[in-house]
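Heads up, entry.pdb below (PDB, C-alpha atoms, pLDDT in the B column):
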```
MODEL        1
ATOM      1  CA  MET A   1     -11.924 -11.858  -9.266  1.00 85.00           C
ATOM      2  CA  LYS A   2      -9.784 -11.586  -6.136  1.00 86.00           C
ATOM      3  CA  ALA A   3     -10.630  -7.906  -5.698  1.00 87.00           C
ATOM      4  CA  GLY A   4     -14.329  -8.704  -6.047  1.00 89.00           C
ATOM      5  CA  GLY A   5     -14.039 -11.436  -3.419  1.00 91.00           C
ATOM      6  CA  VAL A   6     -12.217  -9.116  -1.030  1.00 91.00           C
ATOM      7  CA  SER A   7     -14.866  -6.425  -1.576  1.00 93.00           C
ATOM      8  CA  ILE A   8     -17.687  -8.863  -0.878  1.00 93.00           C
ATOM      9  CA  GLY A   9     -15.931 -10.210   2.225  1.00 90.00           C
ATOM     10  CA  LEU A  10     -15.244  -6.717   3.559  1.00 92.00           C
ATOM     11  CA  GLY A  11     -18.848  -5.697   2.926  1.00 92.00           C
ATOM     12  CA  ALA A  12     -20.104  -8.770   4.777  1.00 91.00           C
ATOM     13  CA  LEU A  13     -17.770  -8.048   7.693  1.00 89.00           C
ATOM     14  CA  LEU A  14     -18.889  -4.414   7.921  1.00 90.00           C
ATOM     15  CA  GLY A  15     -22.513  -5.498   7.671  1.00 91.00           C
ATOM     16  CA  GLY A  16     -21.971  -8.043  10.443  1.00 90.00           C
ATOM     17  CA  LEU A  17     -20.375  -5.428  12.691  1.00 90.00           C
ATOM     18  CA  ALA A  18     -23.316  -3.066  12.174  1.00 92.00           C
ATOM     19  CA  PHE A  19     -25.810  -5.280  14.054  1.00 90.00           C
ATOM     20  CA  ARG A  20     -25.549  -6.188  17.725  1.00 91.00           C
ATOM     21  CA  PRO A  21     -26.291  -9.958  17.434  1.00 91.00           C
ATOM     22  CA  THR A  22     -23.793 -10.584  14.631  1.00 91.00           C
ATOM     23  CA  ARG A  23     -21.243  -8.227  16.205  1.00 90.00           C
ATOM     24  CA  ALA A  24     -21.341 -10.360  19.382  1.00 90.00           C
ATOM     25  CA  LEU A  25     -20.553 -13.457  17.301  1.00 90.00           C
ATOM     26  CA  LEU A  26     -17.774 -11.717  15.383  1.00 90.00           C
ATOM     27  CA  ASP A  27     -16.236 -10.417  18.621  1.00 89.00           C
ATOM     28  CA  LYS A  28     -15.598 -14.032  19.608  1.00 90.00           C
ATOM     29  CA  VAL A  29     -13.515 -14.797  16.495  1.00 88.00           C
ATOM     30  CA  LEU A  30     -11.939 -11.462  15.513  1.00 86.00           C
ATOM     31  CA  PRO A  31      -8.657 -10.277  17.041  1.00 85.00           C
ATOM     32  CA  LYS A  32      -8.977  -8.240  20.211  1.00 87.00           C
ATOM     33  CA  PRO A  33      -7.741  -4.627  20.301  1.00 85.00           C
ATOM     34  CA  GLY A  34      -3.968  -4.664  20.679  1.00 84.00           C
ATOM     35  CA  ASP A  35      -3.616  -8.156  19.203  1.00 87.00           C
ATOM     36  CA  GLY A  36      -1.369  -8.472  16.211  1.00 86.00           C
ATOM     37  CA  PRO A  37       1.811 -10.023  14.938  1.00 88.00           C
ATOM     38  CA  THR A  38       4.823 -10.338  17.215  1.00 89.00           C
ATOM     39  CA  ALA A  39       7.972  -8.272  16.645  1.00 91.00           C
ATOM     40  CA  GLU A  40       9.570 -11.367  15.087  1.00 94.00           C
ATOM     41  CA  GLN A  41       6.644 -11.857  12.702  1.00 93.00           C
ATOM     42  CA  ARG A  42       6.742  -8.175  11.708  1.00 92.00           C
ATOM     43  CA  ALA A  43      10.509  -8.379  11.128  1.00 93.00           C
ATOM     44  CA  ALA A  44       9.954 -11.339   8.789  1.00 95.00           C
ATOM     45  CA  GLY A  45       7.276  -9.487   6.784  1.00 94.00           C
ATOM     46  CA  ARG A  46       7.775  -8.725   3.094  1.00 96.00           C
ATOM     47  CA  PHE A  47       5.637  -7.461   0.260  1.00 96.00           C
ATOM     48  CA  ARG A  48       5.672  -7.292  -3.526  1.00 96.00           C
ATOM     49  CA  LEU A  49       3.005  -5.655  -5.662  1.00 94.00           C
ATOM     50  CA  GLU A  50       2.639  -6.363  -9.355  1.00 96.00           C
ATOM     51  CA  ILE A  51       0.797  -3.585 -11.159  1.00 94.00           C
ATOM     52  CA  ARG A  52      -0.295  -3.913 -14.781  1.00 94.00           C
ATOM     53  CA  THR A  53      -1.706  -1.021 -16.748  1.00 93.00           C
ATOM     54  CA  THR A  54      -2.665   0.032 -20.253  1.00 95.00           C
ATOM     55  CA  THR A  55      -2.343   3.690 -21.229  1.00 93.00           C
ATOM     56  CA  SER A  56      -4.900   5.584 -23.296  1.00 94.00           C
ATOM     57  CA  SER A  57      -2.624   5.065 -26.335  1.00 94.00           C
ATOM     58  CA  GLY A  58      -2.671   1.287 -25.797  1.00 93.00           C
ATOM     59  CA  ALA A  59       0.859   0.935 -24.385  1.00 94.00           C
ATOM     60  CA  ARG A  60       1.055  -1.710 -21.660  1.00 96.00           C
ATOM     61  CA  TYR A  61       3.351  -1.622 -18.624  1.00 96.00           C
ATOM     62  CA  LEU A  62       4.217  -3.847 -15.695  1.00 96.00           C
ATOM     63  CA  THR A  63       5.489  -2.303 -12.472  1.00 94.00           C
ATOM     64  CA  ASN A  64       6.754  -4.164  -9.425  1.00 96.00           C
ATOM     65  CA  VAL A  65       6.930  -2.447  -6.040  1.00 95.00           C
ATOM     66  CA  ALA A  66       8.547  -4.369  -3.199  1.00 97.00           C
ATOM     67  CA  ALA A  67      10.171  -3.956   0.203  1.00 97.00           C
ATOM     68  CA  GLU A  68      11.586  -6.105   2.973  1.00 96.00           C
ATOM     69  CA  TYR A  69       9.088  -4.714   5.500  1.00 96.00           C
ATOM     70  CA  ASP A  70       5.808  -5.955   6.892  1.00 95.00           C
ATOM     71  CA  PRO A  71       3.213  -4.135   4.756  1.00 92.00           C
ATOM     72  CA  GLY A  72       0.726  -3.714   7.589  1.00 89.00           C
ATOM     73  CA  TYR A  73       3.126  -2.195  10.093  1.00 91.00           C
ATOM     74  CA  ASN A  74       6.706  -1.109   9.327  1.00 93.00           C
ATOM     75  CA  GLY A  75       6.208  -0.657   5.579  1.00 95.00           C
ATOM     76  CA  THR A  76       3.122   1.495   6.014  1.00 94.00           C
ATOM     77  CA  ALA A  77       4.796   3.603   8.713  1.00 95.00           C
ATOM     78  CA  ILE A  78       7.772   4.271   6.441  1.00 97.00           C
ATOM     79  CA  MET A  79       5.553   5.133   3.464  1.00 96.00           C
ATOM     80  CA  LEU A  80       3.428   7.541   5.508  1.00 96.00           C
ATOM     81  CA  GLY A  81       6.427   9.137   7.194  1.00 97.00           C
ATOM     82  CA  GLU A  82       8.306   9.672   3.941  1.00 97.00           C
ATOM     83  CA  ALA A  83       5.188  11.037   2.241  1.00 96.00           C
ATOM     84  CA  ALA A  84       4.804  13.556   5.082  1.00 97.00           C
ATOM     85  CA  LEU A  85       8.488  14.532   4.836  1.00 97.00           C
ATOM     86  CA  SER A  86       8.149  14.930   1.058  1.00 96.00           C
ATOM     87  CA  LEU A  87       5.268  17.350   1.530  1.00 95.00           C
ATOM     88  CA  ALA A  88       6.908  19.219   4.414  1.00 96.00           C
ATOM     89  CA  LEU A  89      10.481  19.477   3.146  1.00 97.00           C
ATOM     90  CA  ASP A  90      10.489  18.994  -0.613  1.00 96.00           C
ATOM     91  CA  GLY A  91       7.733  21.319  -1.805  1.00 92.00           C
ATOM     92  CA  ASP A  92      10.018  22.995  -4.330  1.00 95.00           C
ATOM     93  CA  ARG A  93      10.753  19.595  -5.946  1.00 95.00           C
ATOM     94  CA  LEU A  94       7.160  18.321  -6.107  1.00 94.00           C
ATOM     95  CA  PRO A  95       5.132  18.271  -9.336  1.00 91.00           C
ATOM     96  CA  ALA A  96       3.067  21.430  -9.902  1.00 90.00           C
ATOM     97  CA  ARG A  97      -0.379  19.880  -9.405  1.00 89.00           C
ATOM     98  CA  SER A  98      -3.356  20.564  -7.196  1.00 88.00           C
ATOM     99  CA  GLY A  99      -6.640  18.977  -6.231  1.00 92.00           C
ATOM    100  CA  VAL A 100      -7.322  15.503  -4.884  1.00 94.00           C
ATOM    101  CA  LEU A 101      -4.222  13.555  -5.892  1.00 94.00           C
ATOM    102  CA  THR A 102      -2.778  10.099  -5.437  1.00 93.00           C
ATOM    103  CA  PRO A 103       0.648   9.916  -3.775  1.00 92.00           C
ATOM    104  CA  ALA A 104       2.196   9.153  -7.180  1.00 89.00           C
ATOM    105  CA  THR A 105       0.777  12.260  -8.846  1.00 92.00           C
ATOM    106  CA  ALA A 106       1.294  14.492  -5.805  1.00 94.00           C
ATOM    107  CA  MET A 107       4.866  13.504  -4.943  1.00 96.00           C
ATOM    108  CA  GLY A 108       6.108  11.400  -7.866  1.00 93.00           C
ATOM    109  CA  ALA A 109       9.859  10.865  -8.068  1.00 94.00           C
ATOM    110  CA  VAL A 110      10.478  12.736  -4.795  1.00 97.00           C
ATOM    111  CA  LEU A 111       8.623  10.077  -2.802  1.00 97.00           C
ATOM    112  CA  VAL A 112      10.155   7.248  -4.843  1.00 96.00           C
ATOM    113  CA  GLU A 113      13.660   8.575  -4.044  1.00 97.00           C
ATOM    114  CA  ARG A 114      12.862   8.766  -0.337  1.00 97.00           C
ATOM    115  CA  LEU A 115      11.434   5.224  -0.263  1.00 97.00           C
ATOM    116  CA  ARG A 116      14.386   3.812  -2.199  1.00 97.00           C
ATOM    117  CA  THR A 117      16.684   5.002   0.613  1.00 97.00           C
ATOM    118  CA  HIS A 118      14.784   2.532   2.831  1.00 97.00           C
ATOM    119  CA  GLY A 119      15.227  -0.368   0.409  1.00 97.00           C
ATOM    120  CA  PHE A 120      11.931  -0.117  -1.471  1.00 97.00           C
ATOM    121  CA  THR A 121      12.215  -1.149  -5.128  1.00 97.00           C
ATOM    122  CA  PHE A 122      10.223   0.268  -8.051  1.00 95.00           C
ATOM    123  CA  ASP A 123      10.712  -1.424 -11.420  1.00 95.00           C
ATOM    124  CA  ALA A 124       8.594  -0.502 -14.443  1.00 92.00           C
ATOM    125  CA  ALA A 125       8.871  -1.893 -17.968  1.00 95.00           C
ATOM    126  CA  PRO A 126       6.806  -2.018 -21.149  1.00 95.00           C
ATOM    127  CA  VAL A 127       5.009  -5.303 -21.770  1.00 93.00           C
ATOM    128  CA  GLY A 128       4.358  -6.961 -25.125  1.00 81.00           C
ATOM    129  CA  LYS A 129       3.543  -4.969 -28.224  1.00 64.00           C
ATOM    130  CA  ASN A 130       3.191  -1.203 -27.797  1.00 51.00           C
TER     131      ASN A 130
ENDMDL
END
```

Mind turning the file's structure into structure tokens?
Amino acid sequence: MKAGGVSIGLGALLGGLAFRPTRALLDKVLPKPGDGPTAEQRAAGRFRLEIRTTTSSGARYLTNVAAEYDPGYNGTAIMLGEAALSLALDGDRLPARSGVLTPATAMGAVLVERLRTHGFTFDAAPVGKN
């Protein structure tokens, strides 16, 4: 439900920005270029993701990913930087896959190791009956 609400809201925002009259109204309430959280607010940022999945065999898992970084600034910069370093420096340790891949399938444990050195946590466990 939340994802659907976010999708609808984002679609409405993009639609509003596409037309001059509504864009003028949105410009009055949206942040100006360069606006954003202060250094203190970014330093206080944290995130925790809870990911639930069911495999094709019916096994269910819960994974938590968390870090003591602002997800929109410092956390993203670290994730992107470490992903780039994984690709540039750890090619011999990466999974043998090709095509359009997610970071998890492209870099797997190599990226997880790099992010853990920055304090990121990754905890996965089976849930319920498997």

Atomic distance CA of Ala3 in chain A - CA of Gly34 in chain A, expressed in Å with one decimal =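 Here the two named atoms are 27.4 Å from each other.
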
Up to 10 Å from (7.6, -4.8, -2.3) in the file's coordinates: name the residues, counting all atoms listed in the file, as a list in words.
->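 The residues that fall inside the cut-off are Arg46, Phe47, Arg48, Leu49, Glu50, Asn64, Val65, Ala66, Ala67, Glu68, Tyr69, Asp70, Pro71, Gly75, Gly119, Phe120, Thr121 and Phe122 of chain A.
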
For CA of Leu80 in chain A and CA of Arg114 in chain A, the interatomic separation in Å (one decimal) |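 We find that CA of Leu80 in chain A and CA of Arg114 in chain A lie 11.2 Å from each other.
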
Figure out the distance between CA of Gly108 in chain A and CA of Ser56 in chain A, please, to one decimal in Å.
->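 A separation of 19.8 Å between them.
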
Find the residues near Ser98 in chain A: any atom within 12 Å, counting all atoms listed in the file, skip ones fewer than 6 places away on the same chain, and give them as a PDB file with C-alpha atoms, keeping the file's coordinate frame.
```pdb
ATOM      1  CA  THR A 105       0.777  12.260  -8.846  1.00 92.00           C
ATOM      2  CA  ALA A 106       1.294  14.492  -5.805  1.00 94.00           C
ATOM      3  CA  MET A 107       4.866  13.504  -4.943  1.00 96.00           C
TER       4      MET A 107
END
```

Exactly which residues make up the result of the PyMOL selection byres ((chain A and resi 110) around 9) on this file, given as a list in words?
->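 So the PyMOL selection byres ((chain A and resi 110) around 9), applied here, picks out Ala83, Ser86, Asp90, Arg93, Leu94, Pro95, Met107, Gly108, Ala109, Leu111, Val112, Glu113, Arg114 and Leu115 of chain A.
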
Determine the residue membership of the PyMOL selection byres ((chain A and resi 58) around 12) for the file above and supply it as an MDAnalysis selection string.
-> chainID A and resid 53:57 59:61 126:130

Those same residues - C-alpha atoms - I'd like them written as a tab-separated table (two decimals), keeping the file's coordinate frame.
```tsv
chain	number	residue	atom	x	y	z
A	53	THR	CA	-1.71	-1.02	-16.75
A	54	THR	CA	-2.66	0.03	-20.25
A	55	THR	CA	-2.34	3.69	-21.23
A	56	SER	CA	-4.90	5.58	-23.30
A	57	SER	CA	-2.62	5.07	-26.34
A	59	ALA	CA	0.86	0.94	-24.38
A	60	ARG	CA	1.06	-1.71	-21.66
A	61	TYR	CA	3.35	-1.62	-18.62
A	126	PRO	CA	6.81	-2.02	-21.15
A	127	VAL	CA	5.01	-5.30	-21.77
A	128	GLY	CA	4.36	-6.96	-25.12
A	129	LYS	CA	3.54	-4.97	-28.22
A	130	ASN	CA	3.19	-1.20	-27.80
```

Could you give me, as JSON lines, every range 23-119 of chain A residue with an atom at most 12 Å from range 8-15 of chain A, plus its closest atom pair and distance in Å to one decimal, counting only C-alpha atoms, rows ordered by chain then number?
```
{"residue": "A:Arg23", "atom": "CA", "partner": "A:Gly15", "partner_atom": "CA", "distance": 9.0}
{"residue": "A:Leu25", "atom": "CA", "partner": "A:Leu13", "partner_atom": "CA", "distance": 11.4}
{"residue": "A:Leu26", "atom": "CA", "partner": "A:Leu13", "partner_atom": "CA", "distance": 8.5}
{"residue": "A:Asp27", "atom": "CA", "partner": "A:Leu13", "partner_atom": "CA", "distance": 11.3}
{"residue": "A:Val29", "atom": "CA", "partner": "A:Leu13", "partner_atom": "CA", "distance": 11.9}
{"residue": "A:Leu30", "atom": "CA", "partner": "A:Leu13", "partner_atom": "CA", "distance": 10.3}
```

Please put the answer as JSON: centre and edge lengths, in Å with one decimal, of a box along x, y and z that encloses all listed atoms of range 59-63 of chain A plus 8 Å on each side.
```
{"center_x": 3.2, "center_y": -1.5, "center_z": -18.4, "size_x": 20.6, "size_y": 20.8, "size_z": 27.9}
```

Name the closest residue to Gln41 in chain A among the candidates A:Thr102, A:Thr117, A:Ser7, A:Asn74; distances are taken between atoms, counting only C-alpha atoms.
->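 Nearest to Gln41 in chain A: A:Asn74.
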